[in-house]
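Everything below concerns the one structure shown next.
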Amino acid sequence: MPALRGTLVWRLIGLLALLVAGWVPEVPAEGSRTYRLEPVAVGDGVWMIEGGPGHFDRDNGGAIVNIGLIETDQGVVLVDAGPSRAYGEALQAAVRRTFGRPVQRVLLTHRHPDHVLGAQVFPSERVCAAAGTRAVLAEEGQAMVDDLFRLLGDWMRGTRAVQPGCSLEAGTIDVDGRQLRILAAGGHSGAEGDWMVLDVASDTLFAGDLVFSRRAPTTPHADLRRWRQALTVIEALAPARVIPGHGPLQPGLKAVDDTRRWLDALEAGLWQNAAAGLSMGEALALPVDPAFAAWDQAGAEYVRSVNHLYPGIMARVLKGESGP
Amino acid sequence: MGPSRRLLLGIVLISGSVSLASAANPPDPLQSPTWEAMHQRVLSGASYQFSDAVRVIMPERAEDATRVPVHVELRGLDNPRELVIFADLNPITEVIRLRADSTLPARGVGIQMKVQQATPIRAAVRDAQGQWHVAGHWISAAGGGCGAPSRASVNPDWNRDFGLATGRRWVRHTGTVPHTRINVLIHHPMDTGFVAGIPRFHLERVAVRTPSGASVLEAMLSAAVSENPILSFDLPGTDTVAVEARDNNGNPFVVEWVN
């Protein structure tokens with residue numbers, strides 16, 4: 001049966017070709033899938049790793065978040081831990097390389113995955129989060145991992161949901177002789193709240209995502225009124241420096257001012273548009289306020305914020321309200 | 001005949017047949033795999049053209065797949081009769097269909113809708129000659145908007161606001177010509193029936209009438225319209241209107257106006 005044999009031969013050749021194609025290893029481009037984390041000293045015993053610009057994508061691996069580092073006699077306290085297992089490993093390596101001492105404690109400011117998922121490489125009893133944050137991580141942790149897998153792909157390999165084993169509460173804690181004030185606030189991440197860490201010795205506030213610096217704030221769980229109250233708390237505290245959750249370190253309270261200006265303009269604009277009768281689609285299509293056009297992600301976050309906040313504001317306008 | 005001339009003839013024949021086909025059925029600029037099925041099902045197989053007389057304003061990505069805003073504007077179509085918004089690859093393709101007894105008065109329509117996956121979202125407007133004018137864009141989406149339970153269905157207090165229907169009107173001017181924008185919110189779970197144990201339950205019909213009861217337009221809604229929908233319509237003139245709605249269980253809703 002020559003015809004059949006011919007088919008068989010071609011099938012074998014095809015199979016071989018497939019095997020060869022499958023065997024050729026995918027060569028990663030130079031520098032891809034490697035987090036380059038460089039702690040930079042910003043004060044006496046306080047450091048930060050500045051995240052890059054942008055939104056989560058397959059080029060940046062989600063390394064858009066700032067990490068705080070506080071030196072103690074025995075080791076290092078981390079404020080937040082990055083988006084993935086690989087990020088956590090790179091963070092651990094960066095700490096070892098820079099300080100030659102281990103991570104003593106990881107303090108998670110809030111629920112969002114870019115801040116928490118890297119914590120899984122540290123012993124859970126050293127990873128601390130507030131009760132509300134721990135509850136939401138237990139409930140929605142897997143969904144958060146799935147979300148980031150979709151956005152970041154292979155960067156997320158091996159990442160699972162993280163369950164902190166240590167409780168973060170408001171008050172002052174002592175880590176190896178270093179006094180840290182833990183402040184409860186909220187407004188960025190919903191009912192679970194946002195937690196800030198003040199290093200008393202250097203008067204440095206690690207503000208988490210209550211403060212964004214030259215990068216548009218994100219609002220998926222935002223309560224703008226509560227968020228502004230948190231900014232007022234920071235202003236009253238007037239620390240020597242404020243480490244934002246995203247974006248570069250700026251002098252004094254500049255990033256706090258920036259965040260407040262954005263939130264005020266965002267909310268006022270959304271109310272104005274809803275009061276003028278714009279549909280959600282029309283509001284979405286408006287250009288971003290030129291005062292903020294130079295900020296990273298200004299246009300994209302405006303669009304996201306219309307999605308998050310505009311339906312609620314429209315509903316209030318349609319029930320006869322005229323302002324926040 | 002040499003091989004090259006045969007090839008040339010082939011190309012001429014093929015391109016001739018393509019141009020013949022495109023005269024009858026223009027190719028889909030969005031290259032949807034199901035465009036022809038949409039043409040048959042949503043536009044009843046009638047003649048159509050892709051047109052910039054219809055403008056569809058929507059995001060490129062679905063930030064929230066249960067609430068994607070879509071706004072449609074009609075420009076320079078003087079005698080529209082029917083308008084339909086649909087999404088080719090949605091499990092519920094048709095979202096809303098507007099009809100009037102004669103000319104469709106609405107020149108702008110705003111809705112929010114659910115998307116289950118990346119899909120073209122389109123608006124088609126039928127003119128007095130029966131020709132459809134079609135426009136739209138792709139949206140990318142993580143998905144799940146149609147398969148998610150409504151917030152109401154997992155909220156024990158769901159019927160606290162159920163049925164609340166409220167609206168507001170704005171008189172606007174295009175040059176000196178006034179028109180009226182109405183936005184109405186109707187609290188309704190808009191359940192798709194795709195979630196086990198939660199039956200399909202959605203607003204089915206929204207009627208806009210003059211105060212004396214004459215029909216201005218009728219909108220047929222599917223469960224692909226978002227929960228607690230806010231509908232926007234641009235209507236000619238400055239007259240007030242009444243808006244009533246009915247769901248698939250027969251519940252009636254009457255919009256109360258705050259102005």
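We label chains A, B, ... in the order they appear in the structure tokens, count residues from 1 in each chain, and number ligands from 1 in the order shown.
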List every residue of chain A that has an atom at most 8 Å from any atom of chain B, giving for each one its closest atom pair and the distance in Å to one decimal, counting only C-alpha atoms, sorted by chain and then by ascending residue number, as a tab-separated table.
```
residue	atom	partner	partner_atom	distance
A:Ala276	CA	B:Trp170	CA	7.4
A:Gly277	CA	B:Trp170	CA	6.7
A:Ser279	CA	B:Gly110	CA	5.8
A:Met280	CA	B:Pro69	CA	5.7
A:Gly281	CA	B:Pro69	CA	4.8
A:Glu282	CA	B:His71	CA	6.7
A:Leu284	CA	B:Pro59	CA	7.4
A:Ala285	CA	B:Ile57	CA	7.1
A:Arg304	CA	B:Glu63	CA	6.3
A:Asn307	CA	B:Glu63	CA	6.7
A:Ala315	CA	B:Leu185	CA	6.8
A:Leu318	CA	B:Gly167	CA	5.5
A:Lys319	CA	B:Thr166	CA	6.3
A:Gly320	CA	B:Val258	CA	5.7
```
B:Arg246 environment, 7 Å, only C-alpha atoms, sequence neighbours closer than 3 positions dropped, as a PyMOL selection string: chain B and resi 203-206+250-253
For A:Ala283, list every protein, DNA or RNA residue within 9 Å, evaluated using only C-alpha atoms, and leave out those in the same chain fewer than 5 positions away; present the list as a CSV table (one decimal) with N, CA and C atoms, in the first residue's frame.
```
chain,number,residue,atom,x,y,z
A,270,LEU,N,-15.7,64.6,37.7
A,270,LEU,CA,-16.7,63.6,37.5
A,270,LEU,C,-18.1,64.1,37.9
A,273,ASN,N,-19.3,66.5,35.2
A,273,ASN,CA,-19.8,65.9,34.0
A,273,ASN,C,-21.1,65.2,34.3
A,274,ALA,N,-21.3,64.6,35.4
A,274,ALA,CA,-22.5,63.9,35.7
A,274,ALA,C,-23.6,64.9,35.8
A,278,LEU,N,-23.7,64.0,31.1
A,278,LEU,CA,-22.9,63.2,30.3
A,278,LEU,C,-23.1,61.7,30.6
A,303,VAL,N,-9.4,57.0,32.8
A,303,VAL,CA,-10.4,56.1,32.2
A,303,VAL,C,-10.8,55.0,33.2
A,306,VAL,N,-13.1,56.6,35.8
A,306,VAL,CA,-14.5,56.8,35.3
A,306,VAL,C,-15.2,55.5,35.5
A,310,TYR,N,-17.7,56.7,38.2
A,310,TYR,CA,-18.8,57.5,37.6
A,310,TYR,C,-20.2,56.9,37.7
```
I'd like the contact shell of A:Asn66 - 10 Å cut-off, only C-alpha atoms, skipping same-chain residues fewer than 2 positions apart - returned as a list of chain:residue names.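 Final neighbour list, sorted by chain and number: A:Met48, A:Ile49, A:Glu50, A:Gly51, A:Gly52, A:Ala63, A:Ile64, A:Gly68, A:Leu69, A:Val79, A:Asp80, A:Ala81, A:Gly82, A:Asp114, A:His115, A:Phe206, A:Gly208, A:Asp209, A:Ile243, A:Pro244, A:Gly245, A:His246, A:Gly247, A:Pro248, A:Leu249.
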Fewer than 6 positions away in the same chain doesn't count, so skip those; otherwise give me all residues within 6 Å of B:Ala207, counting only C-alpha atoms, as a list in words.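 My list of contacting residues is Glu218, Val243 and Glu244 of chain B.
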Just write the chosen residues, N, CA and C atoms, as a PDB file, in the first residue's frame.
```pdb
ATOM      1  N   GLU B 218     -39.440  53.145  21.650  1.00  0.00           N
ATOM      2  CA  GLU B 218     -39.450  51.947  22.491  1.00  0.00           C
ATOM      3  C   GLU B 218     -38.066  51.326  22.434  1.00  0.00           C
ATOM      4  N   VAL B 243     -41.233  58.132  31.080  1.00  0.00           N
ATOM      5  CA  VAL B 243     -40.534  56.890  30.783  1.00  0.00           C
ATOM      6  C   VAL B 243     -41.077  55.786  31.676  1.00  0.00           C
ATOM      7  N   GLU B 244     -41.467  54.690  31.060  1.00  0.00           N
ATOM      8  CA  GLU B 244     -41.942  53.519  31.794  1.00  0.00           C
ATOM      9  C   GLU B 244     -41.162  52.303  31.327  1.00  0.00           C
TER      10      GLU B 244
END
```
Among stretch 28-75 of chain B, which ones does DSSP place in helix (DSSP H, G or I), written as a count of residues only? 7
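From atom CA of A:Phe212 back to atom CA of A:Gly54, the distance works out to 12.9 Å.
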Using DSSP assignments from the backbone, pull out every residue in stretch 34-132 of chain B that falls under strand (DSSP E or B) and give it to me as a PyMOL selection string. chain B and resi 48-50+54-57+61+68-74+80-87+94-99+108-113+119-127+132
Name all residues at most 8 Å from B:Phe50 (count only C-alpha atoms; drop same-chain ones fewer than 6 positions away) and give them as an mmCIF file with N, CA, C and O atoms, in the first residue's frame.
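As written to disk, part_38.cif reads:
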```
data_model
loop_
_atom_site.group_PDB
_atom_site.id
_atom_site.type_symbol
_atom_site.label_atom_id
_atom_site.label_comp_id
_atom_site.auth_asym_id
_atom_site.auth_seq_id
_atom_site.Cartn_x
_atom_site.Cartn_y
_atom_site.Cartn_z
ATOM 1 N N PRO B 26 -20.286 44.416 1.957
ATOM 2 C CA PRO B 26 -18.955 44.950 2.250
ATOM 3 C C PRO B 26 -18.256 44.099 3.298
ATOM 4 O O PRO B 26 -18.911 43.589 4.212
ATOM 5 N N ASP B 28 -16.171 43.025 6.532
ATOM 6 C CA ASP B 28 -16.215 43.574 7.882
ATOM 7 C C ASP B 28 -14.867 44.201 8.241
ATOM 8 O O ASP B 28 -13.865 43.481 8.319
ATOM 9 N N HIS B 133 -26.728 51.146 8.600
ATOM 10 C CA HIS B 133 -25.444 51.850 8.696
ATOM 11 C C HIS B 133 -24.767 51.348 9.963
ATOM 12 O O HIS B 133 -25.325 51.485 11.053
ATOM 13 N N VAL B 134 -23.596 50.752 9.795
ATOM 14 C CA VAL B 134 -22.987 50.004 10.898
ATOM 15 C C VAL B 134 -21.638 50.605 11.269
ATOM 16 O O VAL B 134 -20.850 50.984 10.395
ATOM 17 N N ALA B 135 -21.357 50.686 12.573
ATOM 18 C CA ALA B 135 -20.036 51.110 13.048
ATOM 19 C C ALA B 135 -19.742 50.379 14.357
ATOM 20 O O ALA B 135 -20.661 49.869 15.011
#
```
